[in-house]
Structures are given as C-alpha cells and as structure tokens.
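File shown: protein.cif. Contents: mmCIF, C-alpha atoms.
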```cif
data_input
loop_
_atom_site.label_atom_id
_atom_site.label_comp_id
_atom_site.auth_asym_id
_atom_site.auth_seq_id
_atom_site.Cartn_x
_atom_site.Cartn_y
_atom_site.Cartn_z
CA MET A 154 -91.01 -26.80 -35.00
CA GLU A 155 -87.40 -26.43 -36.11
CA LEU A 156 -86.87 -23.83 -33.43
CA LEU A 157 -88.43 -26.05 -30.77
CA VAL A 158 -86.06 -28.93 -31.58
CA ASN A 159 -83.20 -26.45 -31.45
CA ILE A 160 -84.22 -25.24 -27.98
CA VAL A 161 -84.73 -28.76 -26.60
CA LEU A 162 -81.33 -29.91 -27.89
CA LEU A 163 -79.58 -26.87 -26.43
CA ILE A 164 -81.24 -27.46 -23.04
CA LEU A 165 -80.10 -31.10 -23.14
CA LEU A 166 -76.57 -29.97 -24.00
CA VAL A 167 -76.52 -27.55 -21.07
CA ALA A 168 -77.89 -30.31 -18.78
CA THR A 169 -75.15 -32.71 -19.90
CA ALA A 170 -72.46 -30.09 -19.38
CA GLY A 171 -73.96 -29.36 -15.94
CA ALA A 172 -73.82 -33.05 -15.09
CA LEU A 173 -70.16 -33.05 -16.11
CA VAL A 174 -69.50 -30.27 -13.60
CA VAL A 175 -71.22 -32.16 -10.78
CA VAL A 176 -70.19 -35.75 -11.44
CA ARG A 177 -67.09 -37.27 -9.83
CA GLY A 178 -65.22 -40.15 -11.37
CA LEU A 179 -63.60 -40.14 -14.76
CA LEU A 180 -65.48 -43.11 -16.23
CA ALA A 181 -68.85 -41.39 -15.76
CA SER A 182 -67.39 -38.16 -17.16
CA THR A 183 -66.19 -40.00 -20.26
CA MET A 184 -69.62 -41.49 -20.89
CA LEU A 185 -71.22 -38.06 -20.46
CA THR A 186 -68.73 -36.67 -22.99
CA SER A 187 -69.99 -39.24 -25.48
CA VAL A 188 -73.61 -38.23 -24.84
CA TYR A 189 -72.56 -34.60 -25.24
CA GLY A 190 -70.97 -35.35 -28.60
CA LEU A 191 -74.05 -37.14 -29.89
CA LEU A 192 -76.34 -34.28 -28.78
CA CYS A 193 -74.00 -31.83 -30.43
CA ALA A 194 -74.14 -33.76 -33.71
CA SER A 195 -77.96 -33.75 -33.59
CA PHE A 196 -77.91 -30.02 -32.96
CA PHE A 197 -75.70 -29.48 -36.02
CA VAL A 198 -78.24 -31.37 -38.15
CA THR A 199 -81.04 -29.00 -37.08
CA MET A 200 -78.73 -26.10 -37.98
CA ASP A 201 -78.40 -27.48 -41.57
CA ALA A 202 -74.71 -28.20 -41.00
CA VAL A 203 -74.88 -31.80 -42.21
CA ASP A 204 -71.17 -32.10 -42.98
CA VAL A 205 -70.27 -30.83 -39.53
CA ALA A 206 -72.79 -33.18 -37.89
CA PHE A 207 -71.18 -36.09 -39.69
CA THR A 208 -67.76 -35.20 -38.30
CA GLU A 209 -69.02 -34.48 -34.80
CA ALA A 210 -70.92 -37.80 -34.66
CA ALA A 211 -67.74 -39.70 -35.50
CA VAL A 212 -65.35 -37.56 -33.42
CA GLY A 213 -67.42 -36.25 -30.51
CA ALA A 214 -69.45 -39.38 -29.83
CA GLY A 215 -66.88 -41.96 -30.93
CA VAL A 216 -63.18 -41.23 -31.12
CA SER A 217 -62.89 -38.58 -28.41
CA PRO A 218 -64.55 -40.62 -25.59
CA LEU A 219 -62.54 -43.62 -26.74
CA LEU A 220 -59.22 -41.82 -26.31
CA LEU A 221 -60.44 -40.58 -22.90
CA LEU A 222 -61.33 -44.17 -21.97
CA LEU A 223 -57.89 -45.43 -22.97
CA THR A 224 -56.28 -42.65 -20.94
CA VAL A 225 -58.47 -43.42 -17.93
CA ALA A 226 -57.65 -47.11 -18.31
CA ALA A 227 -53.95 -46.27 -18.24
CA ILE A 228 -54.03 -43.86 -15.26
CA GLY A 229 -56.95 -45.04 -13.11
CA ARG A 230 -60.45 -43.69 -12.86
CA GLY A 231 -60.56 -42.14 -9.39
CA GLU A 232 -61.29 -38.46 -8.93
CA PRO A 233 -61.24 -37.90 -5.16
CA ARG A 234 -63.31 -35.12 -3.65
CA PRO A 235 -61.16 -32.10 -2.89
CA VAL A 236 -60.50 -31.47 0.78
CA GLY A 237 -60.68 -27.88 1.92
CA ALA A 238 -62.18 -24.70 0.61
CA LEU A 239 -64.57 -24.17 -2.26
CA PRO A 240 -62.99 -22.92 -5.48
CA VAL A 241 -63.84 -19.30 -4.62
CA LEU A 242 -61.93 -17.82 -7.54
CA ALA A 243 -63.88 -19.94 -10.04
CA ILE A 244 -67.24 -19.22 -8.40
CA VAL A 245 -66.61 -15.46 -8.62
CA LEU A 246 -64.89 -15.38 -12.01
CA VAL A 247 -67.37 -17.51 -13.96
CA PRO A 248 -70.56 -15.43 -13.34
CA VAL A 249 -68.69 -12.18 -14.00
CA THR A 250 -67.40 -13.48 -17.34
CA ALA A 251 -70.84 -14.86 -18.18
CA ALA A 252 -72.48 -11.50 -17.47
CA LEU A 253 -69.97 -9.69 -19.69
CA LEU A 254 -70.49 -12.19 -22.51
CA ILE A 255 -74.29 -11.93 -22.28
CA ILE A 256 -74.07 -8.14 -22.51
CA GLY A 257 -71.94 -8.75 -25.61
CA THR A 258 -74.57 -10.99 -27.22
CA LEU A 259 -77.16 -8.18 -27.10
CA ASP A 260 -75.34 -6.54 -30.02
CA MET A 261 -75.51 -9.71 -32.10
CA PRO A 262 -77.93 -9.92 -35.03
CA PRO A 263 -81.08 -11.94 -34.20
CA PHE A 264 -80.63 -15.67 -34.60
CA GLY A 265 -81.36 -16.98 -38.10
CA SER A 266 -82.05 -13.64 -39.78
CA PRO A 267 -81.11 -13.82 -43.47
CA ASP A 268 -79.64 -10.28 -43.56
CA ALA A 269 -77.15 -10.80 -40.72
CA PRO A 270 -73.64 -9.55 -41.61
CA ALA A 271 -72.35 -13.12 -41.76
CA HIS A 272 -74.65 -13.87 -44.69
CA THR A 273 -73.97 -10.78 -46.75
CA HIS A 274 -70.23 -10.92 -47.38
CA VAL A 275 -68.66 -13.90 -49.22
CA ALA A 276 -71.33 -16.54 -48.58
CA PRO A 277 -73.74 -15.33 -51.32
CA ARG A 278 -70.91 -15.50 -53.83
CA TYR A 279 -70.11 -19.09 -52.86
CA LEU A 280 -73.78 -20.07 -53.07
CA GLN A 281 -74.47 -18.33 -56.39
CA LEU A 282 -71.29 -19.00 -58.35
CA SER A 283 -69.84 -22.26 -57.02
CA GLY A 284 -72.32 -24.23 -59.13
CA GLU A 285 -70.87 -22.78 -62.35
CA GLU A 286 -67.26 -22.37 -61.25
CA ILE A 287 -66.70 -25.70 -59.48
CA GLY A 288 -69.60 -27.69 -60.87
CA ILE A 289 -70.39 -29.73 -57.76
CA PRO A 290 -73.55 -29.46 -55.65
CA ASN A 291 -72.04 -29.57 -52.16
CA VAL A 292 -70.95 -25.97 -51.50
CA VAL A 293 -69.14 -26.99 -48.29
CA THR A 294 -66.84 -29.28 -50.30
CA SER A 295 -66.28 -26.54 -52.92
CA VAL A 296 -65.23 -24.06 -50.26
CA LEU A 297 -63.18 -26.59 -48.30
CA ALA A 298 -61.23 -28.15 -51.14
CA SER A 299 -61.12 -25.39 -53.73
CA TYR A 300 -61.81 -21.81 -52.60
CA ARG A 301 -60.11 -22.28 -49.25
CA ALA A 302 -57.85 -25.21 -50.07
CA PHE A 303 -54.78 -23.43 -48.71
CA ASP A 304 -56.52 -23.12 -45.36
CA THR A 305 -57.38 -26.81 -45.43
CA LEU A 306 -53.75 -27.68 -46.18
CA GLY A 307 -52.85 -25.85 -42.98
CA GLU A 308 -55.42 -27.82 -40.99
CA VAL A 309 -54.17 -31.12 -42.40
CA LEU A 310 -50.62 -30.14 -41.42
CA VAL A 311 -51.81 -29.38 -37.88
CA ILE A 312 -53.42 -32.82 -37.67
CA PHE A 313 -50.26 -34.46 -38.98
CA THR A 314 -48.13 -32.52 -36.49
CA ALA A 315 -50.43 -33.55 -33.64
CA GLY A 316 -49.99 -37.20 -34.65
CA VAL A 317 -46.19 -36.79 -34.64
CA ALA A 318 -46.37 -35.03 -31.26
CA VAL A 319 -48.37 -37.88 -29.71
CA LEU A 320 -45.81 -40.36 -31.04
CA LEU A 321 -42.94 -38.35 -29.58
CA ILE A 322 -44.61 -37.82 -26.20
CA LEU A 323 -45.64 -41.45 -25.74
CA ALA A 324 -42.46 -42.97 -27.15
CA THR A 325 -40.79 -45.32 -24.70
CA PRO A 326 -37.03 -45.89 -24.72
CA GLY A 327 -35.95 -48.63 -27.08
CA GLN A 328 -39.18 -48.54 -29.06
CA ARG A 329 -39.78 -46.83 -32.37
CA GLY A 330 -43.22 -45.86 -33.64
CA SER A 331 -46.72 -45.93 -32.22
CA ALA A 332 -47.08 -49.54 -31.11
CA ARG A 333 -45.01 -52.61 -30.55
CA PRO A 334 -47.58 -55.07 -29.29
CA ARG A 335 -46.32 -58.16 -27.56
CA TYR A 336 -47.67 -61.40 -28.89
CA VAL A 337 -50.74 -62.38 -26.90
CA PRO A 338 -51.86 -66.03 -27.08
CA ASP A 339 -55.26 -66.64 -28.58
CA ASN A 340 -56.98 -67.58 -25.33
CA HIS A 341 -57.67 -63.96 -24.53
CA ARG A 342 -58.87 -63.63 -20.94
CA ASP A 343 -62.08 -61.86 -21.76
CA PRO A 344 -63.56 -62.88 -25.10
CA HIS A 345 -66.46 -60.64 -26.10
CA THR A 346 -67.96 -63.28 -28.38
CA ILE A 347 -71.23 -61.51 -29.24
CA LEU A 348 -69.55 -58.17 -29.82
CA GLN A 349 -66.84 -59.81 -31.90
CA ILE A 350 -69.32 -61.51 -34.20
CA VAL A 351 -71.47 -58.39 -34.57
CA SER A 352 -68.41 -56.26 -35.30
CA ARG A 353 -67.14 -58.79 -37.84
CA ILE A 354 -70.39 -58.24 -39.77
CA LEU A 355 -70.37 -54.47 -39.24
CA ILE A 356 -66.76 -53.57 -40.03
CA PRO A 357 -66.88 -54.23 -43.81
CA PHE A 358 -69.94 -51.99 -44.08
CA ILE A 359 -68.31 -49.26 -42.00
CA LEU A 360 -65.26 -49.35 -44.29
CA LEU A 361 -67.48 -49.33 -47.39
CA PHE A 362 -69.48 -46.42 -45.97
CA ALA A 363 -66.24 -44.52 -45.30
CA LEU A 364 -65.25 -44.96 -48.96
CA TYR A 365 -68.71 -43.82 -50.06
CA VAL A 366 -68.44 -40.72 -47.86
CA GLN A 367 -64.97 -40.08 -49.28
CA PHE A 368 -65.88 -40.27 -52.96
CA HIS A 369 -69.45 -39.01 -52.78
CA GLY A 370 -68.50 -35.94 -50.74
CA GLU A 371 -68.98 -33.69 -53.76
CA TYR A 372 -72.63 -34.60 -54.24
CA GLY A 373 -73.83 -35.11 -50.69
CA PRO A 374 -72.58 -34.48 -47.18
CA GLY A 375 -69.12 -35.96 -46.73
CA GLY A 376 -65.52 -35.58 -47.73
CA GLY A 377 -62.02 -36.43 -46.62
CA PHE A 378 -62.31 -35.38 -42.98
CA GLN A 379 -65.48 -37.36 -42.30
CA ALA A 380 -64.36 -40.40 -44.30
CA GLY A 381 -60.99 -40.45 -42.56
CA VAL A 382 -62.55 -40.49 -39.11
CA ILE A 383 -65.11 -43.17 -40.07
CA PHE A 384 -62.41 -45.35 -41.64
CA ALA A 385 -60.24 -45.03 -38.54
CA SER A 386 -63.20 -45.85 -36.29
CA ALA A 387 -63.65 -49.19 -38.08
CA ILE A 388 -59.99 -50.05 -37.42
CA ILE A 389 -60.35 -48.91 -33.81
CA LEU A 390 -63.48 -51.04 -33.34
CA TYR A 391 -61.55 -54.06 -34.58
CA GLY A 392 -58.67 -53.24 -32.24
CA LEU A 393 -60.96 -52.81 -29.23
CA LEU A 394 -62.58 -56.20 -29.65
CA TYR A 395 -59.68 -58.30 -30.87
CA GLY A 396 -56.81 -56.66 -29.04
CA LEU A 397 -53.95 -54.48 -30.22
CA PRO A 398 -51.67 -57.33 -31.42
CA THR A 399 -54.36 -58.65 -33.77
CA VAL A 400 -55.22 -55.29 -35.31
CA CYS A 401 -51.51 -54.52 -35.70
CA ARG A 402 -51.13 -57.65 -37.79
CA VAL A 403 -53.90 -56.46 -40.12
CA VAL A 404 -52.98 -52.77 -40.27
CA ARG A 405 -49.27 -52.46 -39.56
CA PRO A 406 -48.24 -49.46 -37.40
CA ALA A 407 -45.27 -48.67 -39.66
CA VAL A 408 -47.58 -48.50 -42.70
CA VAL A 409 -50.07 -46.11 -41.07
CA GLU A 410 -47.25 -43.92 -39.84
CA TRP A 411 -45.98 -43.62 -43.43
CA LEU A 412 -49.48 -43.05 -44.79
CA SER A 413 -50.11 -40.13 -42.44
CA ALA A 414 -47.26 -38.32 -44.19
CA VAL A 415 -48.30 -39.56 -47.65
CA GLY A 416 -51.70 -37.81 -47.34
CA VAL A 417 -50.09 -34.45 -46.58
CA LEU A 418 -47.65 -35.00 -49.45
CA ILE A 419 -50.47 -35.73 -51.93
CA PHE A 420 -52.11 -32.44 -50.92
CA GLY A 421 -48.85 -30.48 -51.07
CA ILE A 422 -47.70 -31.97 -54.37
CA THR A 423 -51.05 -31.02 -55.94
CA GLY A 424 -50.20 -27.44 -55.05
CA VAL A 425 -46.61 -27.62 -56.26
CA PHE A 426 -47.75 -29.30 -59.49
CA ALA A 427 -49.69 -26.15 -60.36
CA MET A 428 -46.62 -24.01 -59.57
CA LEU A 429 -44.44 -26.10 -61.91
CA SER A 430 -46.80 -25.19 -64.74
CA GLY A 431 -46.45 -21.53 -63.92
CA ARG A 432 -49.77 -21.17 -62.08
CA PRO A 433 -50.36 -20.08 -58.46
CA PHE A 434 -50.05 -22.67 -55.67
CA LEU A 435 -53.07 -25.03 -55.57
CA ASP A 436 -54.53 -23.70 -58.84
CA TYR A 437 -56.40 -26.71 -60.18
CA SER A 438 -56.75 -25.37 -63.75
CA VAL A 439 -53.59 -27.22 -64.81
CA PHE A 440 -55.28 -30.62 -64.54
CA ALA A 441 -57.57 -30.31 -67.56
CA ASP A 442 -58.47 -27.87 -70.32
CA ASP A 443 -62.04 -27.55 -69.14
CA PRO A 444 -62.01 -25.50 -65.88
CA VAL A 445 -64.90 -27.43 -64.30
CA THR A 446 -63.30 -30.84 -64.99
CA ALA A 447 -60.01 -29.48 -63.66
CA GLN A 448 -61.72 -28.44 -60.43
CA HIS A 449 -63.27 -31.90 -60.17
CA ILE A 450 -59.91 -33.64 -60.46
CA GLY A 451 -58.24 -31.24 -58.07
CA ILE A 452 -60.93 -31.64 -55.40
CA LEU A 453 -60.87 -35.43 -55.72
CA VAL A 454 -57.09 -35.60 -55.26
CA VAL A 455 -57.00 -33.12 -52.40
CA GLU A 456 -59.86 -34.84 -50.55
CA LEU A 457 -58.06 -38.16 -50.99
CA GLY A 458 -54.97 -36.67 -49.35
CA VAL A 459 -57.08 -35.32 -46.47
CA GLY A 460 -58.82 -38.67 -46.02
CA ILE A 461 -55.57 -40.65 -45.93
CA THR A 462 -53.93 -38.32 -43.42
CA VAL A 463 -56.94 -38.08 -41.10
CA ALA A 464 -57.57 -41.84 -41.10
CA SER A 465 -53.94 -42.73 -40.46
CA VAL A 466 -53.27 -40.03 -37.85
CA ILE A 467 -56.33 -41.12 -35.82
CA THR A 468 -55.21 -44.77 -36.13
CA VAL A 469 -51.64 -43.87 -35.09
CA ILE A 470 -52.97 -41.97 -32.08
CA TYR A 471 -55.16 -44.94 -31.14
CA TYR A 472 -52.19 -47.32 -31.43
CA ALA A 473 -50.03 -45.10 -29.24
CA PHE A 474 -52.73 -44.88 -26.54
CA ALA A 475 -53.69 -48.55 -26.70
CA ASN A 476 -50.01 -49.44 -26.40
CA GLN A 477 -49.79 -47.42 -23.17
CA PHE A 478 -52.88 -49.14 -21.84
CA GLU A 479 -51.58 -52.62 -22.61
CA THR A 480 -48.22 -51.74 -21.05
CA ALA A 481 -49.97 -50.41 -17.93
CA GLU A 482 -52.06 -53.58 -17.76
CA SER A 483 -49.16 -56.03 -17.67
CA MET B 244 -86.69 -7.84 -27.63
CA ASP B 245 -87.40 -11.37 -28.68
CA VAL B 246 -85.88 -13.83 -26.21
CA LEU B 247 -85.93 -16.67 -28.76
CA SER B 248 -83.62 -14.82 -31.12
CA TYR B 249 -80.94 -14.74 -28.41
CA PHE B 250 -81.52 -18.19 -26.94
CA ASN B 251 -78.73 -19.85 -28.93
CA TYR B 252 -76.17 -17.23 -27.94
CA TRP B 253 -77.08 -17.53 -24.27
CA ALA B 254 -76.90 -21.31 -24.39
CA VAL B 255 -73.42 -20.89 -25.88
CA VAL B 256 -72.44 -18.57 -23.02
CA VAL B 257 -73.73 -21.04 -20.42
CA LEU B 258 -71.92 -23.98 -22.05
CA MET B 259 -68.73 -21.98 -22.34
CA MET B 260 -68.88 -20.96 -18.69
CA LEU B 261 -69.54 -24.55 -17.53
CA GLY B 262 -66.46 -25.64 -19.48
CA PHE B 263 -64.49 -22.70 -18.08
CA PHE B 264 -65.58 -23.60 -14.55
CA ILE B 265 -64.39 -27.20 -14.95
CA VAL B 266 -61.05 -26.01 -16.31
CA ILE B 267 -60.28 -23.72 -13.36
CA ALA B 268 -62.10 -25.45 -10.47
CA ARG B 269 -61.16 -29.10 -11.02
CA ALA B 270 -57.72 -30.35 -10.07
CA ASN B 271 -57.81 -33.52 -12.16
CA LEU B 272 -56.01 -33.00 -15.46
CA VAL B 273 -58.28 -35.33 -17.48
CA LYS B 274 -61.31 -33.44 -16.16
CA LYS B 275 -59.67 -30.17 -17.19
CA LEU B 276 -59.32 -31.50 -20.74
CA ILE B 277 -63.01 -32.50 -20.75
CA GLY B 278 -63.84 -28.95 -19.63
CA LEU B 279 -61.67 -27.56 -22.41
CA ASN B 280 -63.59 -29.76 -24.85
CA ILE B 281 -66.91 -28.31 -23.71
CA PHE B 282 -65.46 -24.81 -24.05
CA GLN B 283 -64.33 -25.66 -27.57
CA THR B 284 -67.69 -27.14 -28.57
CA SER B 285 -69.50 -24.04 -27.36
CA VAL B 286 -67.50 -22.04 -29.88
CA PHE B 287 -68.50 -24.52 -32.58
CA ILE B 288 -72.15 -24.07 -31.63
CA LEU B 289 -71.77 -20.28 -31.81
CA TYR B 290 -70.33 -20.45 -35.33
CA ILE B 291 -72.90 -22.92 -36.62
CA SER B 292 -75.75 -20.88 -35.05
CA ALA B 293 -74.43 -17.77 -36.79
CA GLY B 294 -74.51 -19.65 -40.10
CA LYS B 295 -78.15 -20.71 -39.79
CA VAL B 296 -80.81 -18.95 -41.84
CA ILE B 297 -84.35 -19.65 -40.65
CA GLY B 298 -86.20 -21.49 -43.40
CA GLY B 299 -82.92 -22.25 -45.13
CA SER B 300 -81.69 -25.63 -46.22
CA ALA B 301 -78.36 -27.46 -46.04
CA PRO B 302 -75.89 -25.87 -48.50
CA ILE B 303 -76.08 -28.61 -51.13
CA LEU B 304 -77.22 -27.04 -54.38
CA SER B 305 -80.53 -28.28 -55.73
CA ASP B 306 -83.00 -26.89 -58.23
CA ASP B 307 -85.97 -26.84 -55.86
CA VAL B 308 -84.28 -24.99 -53.01
CA THR B 309 -83.91 -21.21 -53.01
CA LEU B 310 -82.64 -20.39 -49.52
CA TYR B 311 -79.48 -21.98 -48.11
CA SER B 312 -77.72 -21.68 -44.78
CA ASN B 313 -74.25 -20.15 -44.82
CA PRO B 314 -71.64 -22.76 -45.88
CA LEU B 315 -68.59 -20.85 -44.65
CA PRO B 316 -68.96 -21.52 -40.87
CA HIS B 317 -69.56 -25.17 -41.72
CA VAL B 318 -66.19 -25.40 -43.47
CA LEU B 319 -64.37 -23.67 -40.61
CA ILE B 320 -65.94 -25.84 -37.91
CA LEU B 321 -65.70 -29.10 -39.86
CA THR B 322 -61.92 -28.79 -39.96
CA ALA B 323 -61.79 -27.40 -36.41
CA ILE B 324 -63.47 -30.52 -35.00
CA VAL B 325 -60.85 -32.85 -36.47
CA VAL B 326 -58.03 -30.50 -35.44
CA GLY B 327 -59.66 -30.40 -31.98
CA ILE B 328 -59.53 -34.15 -31.49
CA ALA B 329 -55.91 -34.22 -32.69
CA THR B 330 -54.87 -31.54 -30.20
CA THR B 331 -56.93 -33.11 -27.40
CA SER B 332 -55.04 -36.34 -27.96
CA VAL B 333 -51.75 -34.47 -27.55
CA GLY B 334 -53.10 -33.21 -24.21
CA LEU B 335 -54.11 -36.71 -23.15
CA ALA B 336 -50.69 -38.05 -24.15
CA LEU B 337 -49.09 -35.40 -21.91
CA VAL B 338 -51.41 -36.49 -19.08
CA ILE B 339 -50.23 -40.09 -19.44
CA ARG B 340 -46.60 -38.94 -19.30
CA ILE B 341 -47.30 -36.74 -16.27
CA HIS B 342 -48.90 -39.74 -14.57
CA ALA B 343 -45.83 -41.84 -15.35
CA ALA B 344 -43.51 -39.16 -13.93
CA TYR B 345 -45.48 -38.03 -10.84
CA GLY B 346 -47.77 -40.99 -10.14
CA SER B 347 -50.74 -38.62 -10.04
CA VAL B 348 -52.84 -36.50 -12.36
CA ASN B 349 -54.02 -34.19 -9.61
CA GLN B 350 -52.75 -30.66 -10.08
CA ASN B 351 -52.30 -30.07 -6.34
CA ASP B 352 -50.25 -33.26 -5.82
CA ILE B 353 -48.06 -32.37 -8.79
CA LEU B 354 -47.42 -28.83 -7.51
CA LYS B 355 -46.64 -30.21 -4.02
CA GLN B 356 -44.13 -32.65 -5.47
CA ASP B 357 -42.54 -29.87 -7.50
CA GLN B 358 -42.09 -27.71 -4.40
CA GLN B 359 -40.41 -30.52 -2.50
CA CYS B 360 -37.73 -30.83 -5.16
#
```
Produce structure tokens that represent the structure in this file.
Amino acid sequence: MELLVNIVLLILLVATAGALVVVRGLLASTMLTSVYGLLCASFFVTMDAVDVAFTEAAVGAGVSPLLLLLTVAAIGRGEPRPVGALPVLAIVLVPVTAALLIIGTLDMPPFGSPDAPAHTHVAPRYLQLSGEEIGIPNVVTSVLASYRAFDTLGEVLVIFTAGVAVLLILATPGQRGSARPRYVPDNHRDPHTILQIVSRILIPFILLFALYVQFHGEYGPGGGFQAGVIFASAIILYGLLYGLPTVCRVVRPAVVEWLSAVGVLIFGITGVFAMLSGRPFLDYSVFADDPVTAQHIGILVVELGVGITVASVITVIYYAFANQFETAES
Amino acid sequence: MDVLSYFNYWAVVVLMMLGFFIVIARANLVKKLIGLNIFQTSVFILYISAGKVIGGSAPILSDDVTLYSNPLPHVLILTAIVVGIATTSVGLALVIRIHAAYGSVNQNDILKQDQQC
C-alpha cells in the first residue's frame, strides 16, 4: 500500500513536470509549480520525512510560487512561442544524459532496503544514542541543531546572505532597505472582502501554529526552519490581501531587516559563548551541569536563531519583490 | 531484477531531465528558473528516497517503534529546501533587474541587444 502511494505520487510529479515543459505562459507555469510543490510534500510524507514535508509544503507550495507570481506581475506573463528551429541540442543531450544516469542507478542498492550503505554508517548511531545523549525524541532536530549544528550555521548564513543579495540587487537609487511603500488611500481599487475577512480569522492561528512548530520541534516534526517559513507566510498573506503599505505599518521593513541579522547573531554567539568558557565552538555543555539539560537549552536557543532569521529573510525578500511590483504597477 | 526497487531512482532521472530540458531549451529566464527548481527537487527526492527504509517509521523516537527511516538525509534536505528558496529569490531578483535594463526576459532578445552594442 505504501509503495503504491509512492508510485502514484511519483507519476503525478512526472506528469506535472511534463506539463511544465509543454505549457506556455508564465502564470500557468507558476500555478503548476505550486501543484508540484504540494505533490512533493505529500511524497515526503510517504517517505517518513515529516520535517522535510513540512518545509516543502510551506516553501514549495506557498512561498516559491508567490515569489514567481510577484516576478511575473512585475515583468509580464507572456512567453511567446519561439520562431525557428527546434532546440536540437536539448533534444539530443537530454536522452543521452538520461540513459547514462539510468545505467548509473543500476548500481544503487534496492529502494528501501534496511542494509543499504546509507543506513549502516552514522545513522544507526544517531538513532540509538541520540535519545540518551540529547534527550529529545525528534532525531532530525537532534542532528540538525546539535550533532551538525555547525553545518546548520552555514546554511543560516547562506539564507542571510541571499536576503542581503536580494536587497542589493533590487535596491533603487535614493531608497534604502527592502520597501518604501507609498501611502495608498483606504479605498483600494480591488477590495477582496471575503478573502480579507477569512484571512483576518486565519492569520492569528497561523502565527500561533508557527510558534507551536518552533517550540515543539524537539518532540514532534518541526523546528526553526519550518516555523520561520510558516510565520513569514502569515505576514505575506496579510500583505497580499491588505497591500504592502498596510503590512509595512504592522511589520516595519527596518525591523525585519535588523532581525534577519539578529537570528544569525544568536546562533553565532551561542557558539562563541562555549569558546569563551574554554570549550569547542558550539559545545552546548557550558549551559548547564547536566549534559542533557545543556543540550536542551542549546537546541532551543539555536532553533530560535534559525527561526528568526528564516522568518525575517523571507519577509524581507517578499517586501523587496512586492515593492517592485507596486512600482511597476504605478 | 525487481523493477519496483528502481522505480524511485528512475522517476528522479525523468524529473531531473525534464528540469534540464526546460533549462536549456526555453529562452524565457523565469521558465529557466522553474526548470532549475524541478532539477533541484529531483535531487531532494533522490536523497529522501535513499533515506527510506521499507516498514520504517518517521525518525521520532518512541517506545513502540523499532525500525526508523534514516534521519540524516532529512536534515540535509530540510535545510537545502530553505536555502533553495533563498537562492531562487536571488535569481528572480536578477530577472527583474534584467527586465528593467533590457525590457525583455527572453535570452535571445538579450543576446541580440548585447551584440548591437
């Protein structure tokens, strides 16, 4: 049964990707991307990767199509048919590469076999000892925020850098920061009354859920990355329905820009704090005498830093794109 | 040889090639980024498939579960997804700037304009 669901989802994914190849027009492509993200998230659930599914549902089905939509809104949706020859190079190159890759897969261990090399190296150690060493049930969080915390610090830095890069690329002369919305009078041309009322009821619960995911990430699926994206999506939903000027009054661009750096700093300072006490970088044992409690505190702080950075970088990116769109509109 | 035990890998190859095709065959820069996204997701699917153990459960420790799927690929891909959206947005920001500078996001138009300069 599990395998059947797996096969059906993969076929649907291939069909969606195929439709993306065929379809013309960027709006349709964006919608298909959203479908693709949702299917991908469902696939990750059948593969037991609940934490990943969480992230993909928020990113792949929500934030990513949204940024595409804002881009398409700023540049126009047309994708004219190419005049002239077929893309011969692509038509030759793609099957050849595919054939080579398929020959490569024949050496792979059978899907799902418990004695595949991937399951015999460090994974058993994580599964057997993380319960005693870290003391939290979610092994993914243990690995992310404790065993491989240095790795995660790198990822958070990449996200922060990407946020800064978007700000620099989209900066317009005479304007600092991600957004400087002009004041728009309240009689907005296109009031989405029903959506506005529904979202007004939904947004508090989305924010609450994000906080739950953030602080319950040690016991169930969740953590800083997922919570950050969910938190940002609530802000983005508000911005979509009430306009950029309104959301900027609630969540000020300058504040989010600062917060995106604060998250990275919280993570980094946690590491340096251990060094000041003569321990290796990111060694959590300095936080408490009991090693398990120390791990708990360390993971909580680090995940908080991740959550703050992810939420604010996604919000900053949304502000920068929405600002372009509103400029293009006027 | 059991076809089912390779189905996931082959689906990954097909997805990757569809993404690859969009990247090289389509002239529109936004479409290229969508293709790149499919390419990227196919790698995610490969990693997560490699982490699956048949009959296993999600890696959240519990007393009544004995077999878990591999948590390590989950950690790698979880962070990669968020990094992916951050880098994609850098790409989209570049597209907006290219549109502002050239008035087009079609690769052929842009190359033509560059040659005229």
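Residue membership of the PyMOL selection byres ((chain B and resi 316-320) around 8) in the shown file amounts to Ala202, Asp204, Val205, Val293, Thr294, Val296 and Leu297 of chain A; Phe287, Tyr290, Ile291, Ala293, Gly294, Asn313, Pro314, Leu315, Leu321, Thr322, Ala323 and Ile324 of chain B.
Note that atom CA of Ser266 of chain A and atom CA of Val198 of chain A are 18.2 Å apart.
For the pair atom CA of Leu272 of chain B and atom CA of Val338 of chain B, the separation is 6.8 Å.
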**Message:** Translate the PyMOL selection byres ((chain B) within 7 of (chain A)) into a concrete residue list for this structure, as a PyMOL selection string.
**Reply:** chain B and resi 248-249+252-254+256+258+260-261+264-265+267-268+271+291-293+295-297+300-304+312-315+317-318+320-322+324+326+328-330+333+335-337+339-340+342
**Prompt:** In Å to one decimal, how far is atom CA of Val469 of chain A from atom CA of Glu410 of chain A?
**Reply:** 6.5 Å
**Prompt:** Using only C-alpha atoms, which of the listed residues (A:Pro406, A:Ala464, A:Ser430, A:Ser187) sits closest to Ala363 of chain A?
**Reply:**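 Nearest to Ala363 of chain A: A:Ala464.
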**Prompt:** What residues come out when you apply the PyMOL selection byres ((chain B and resi 282) around 7) to this file, written as an MDAnalysis selection string?
**Reply:** chainID B and resid 258:259 262:263 278:281 283:286
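Nearest-residue note for Gly298 of chain B: choosing from A:Met154, A:Ala210, A:Ile287, A:Leu282, the minimum distance belongs to A:Met154, counting all atoms listed in the file.
Considering the residues B:Gln350, B:Asp357, B:Asn251, B:Asp245 and counting all atoms listed in the file, Ile288 of chain B has its shortest atom-to-atom contact with B:Asn251.
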**Of the listed residues A:Ala332, A:Ile450, A:Ile419, A:Ala387, that which approaches Ser352 of chain A most closely, counting all atoms listed in the file** = A:Ala387
**Message:** From the options A:Leu361, A:Ile350, A:Ala447, A:Ile256, which residue's atoms come nearest to Tyr395 of chain A, counting all atoms listed in the file?
**Reply:**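 Of the candidates, the smallest distance to Tyr395 of chain A is held by A:Ile350.
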**Message:** Using all atoms listed in the file, can you tell me which of A:Ser331, A:Val455, A:Leu192, A:Tyr300 comes closest to Glu286 of chain A?
**Reply:**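 Counting all atoms listed in the file, the residue closest to Glu286 of chain A is A:Tyr300.
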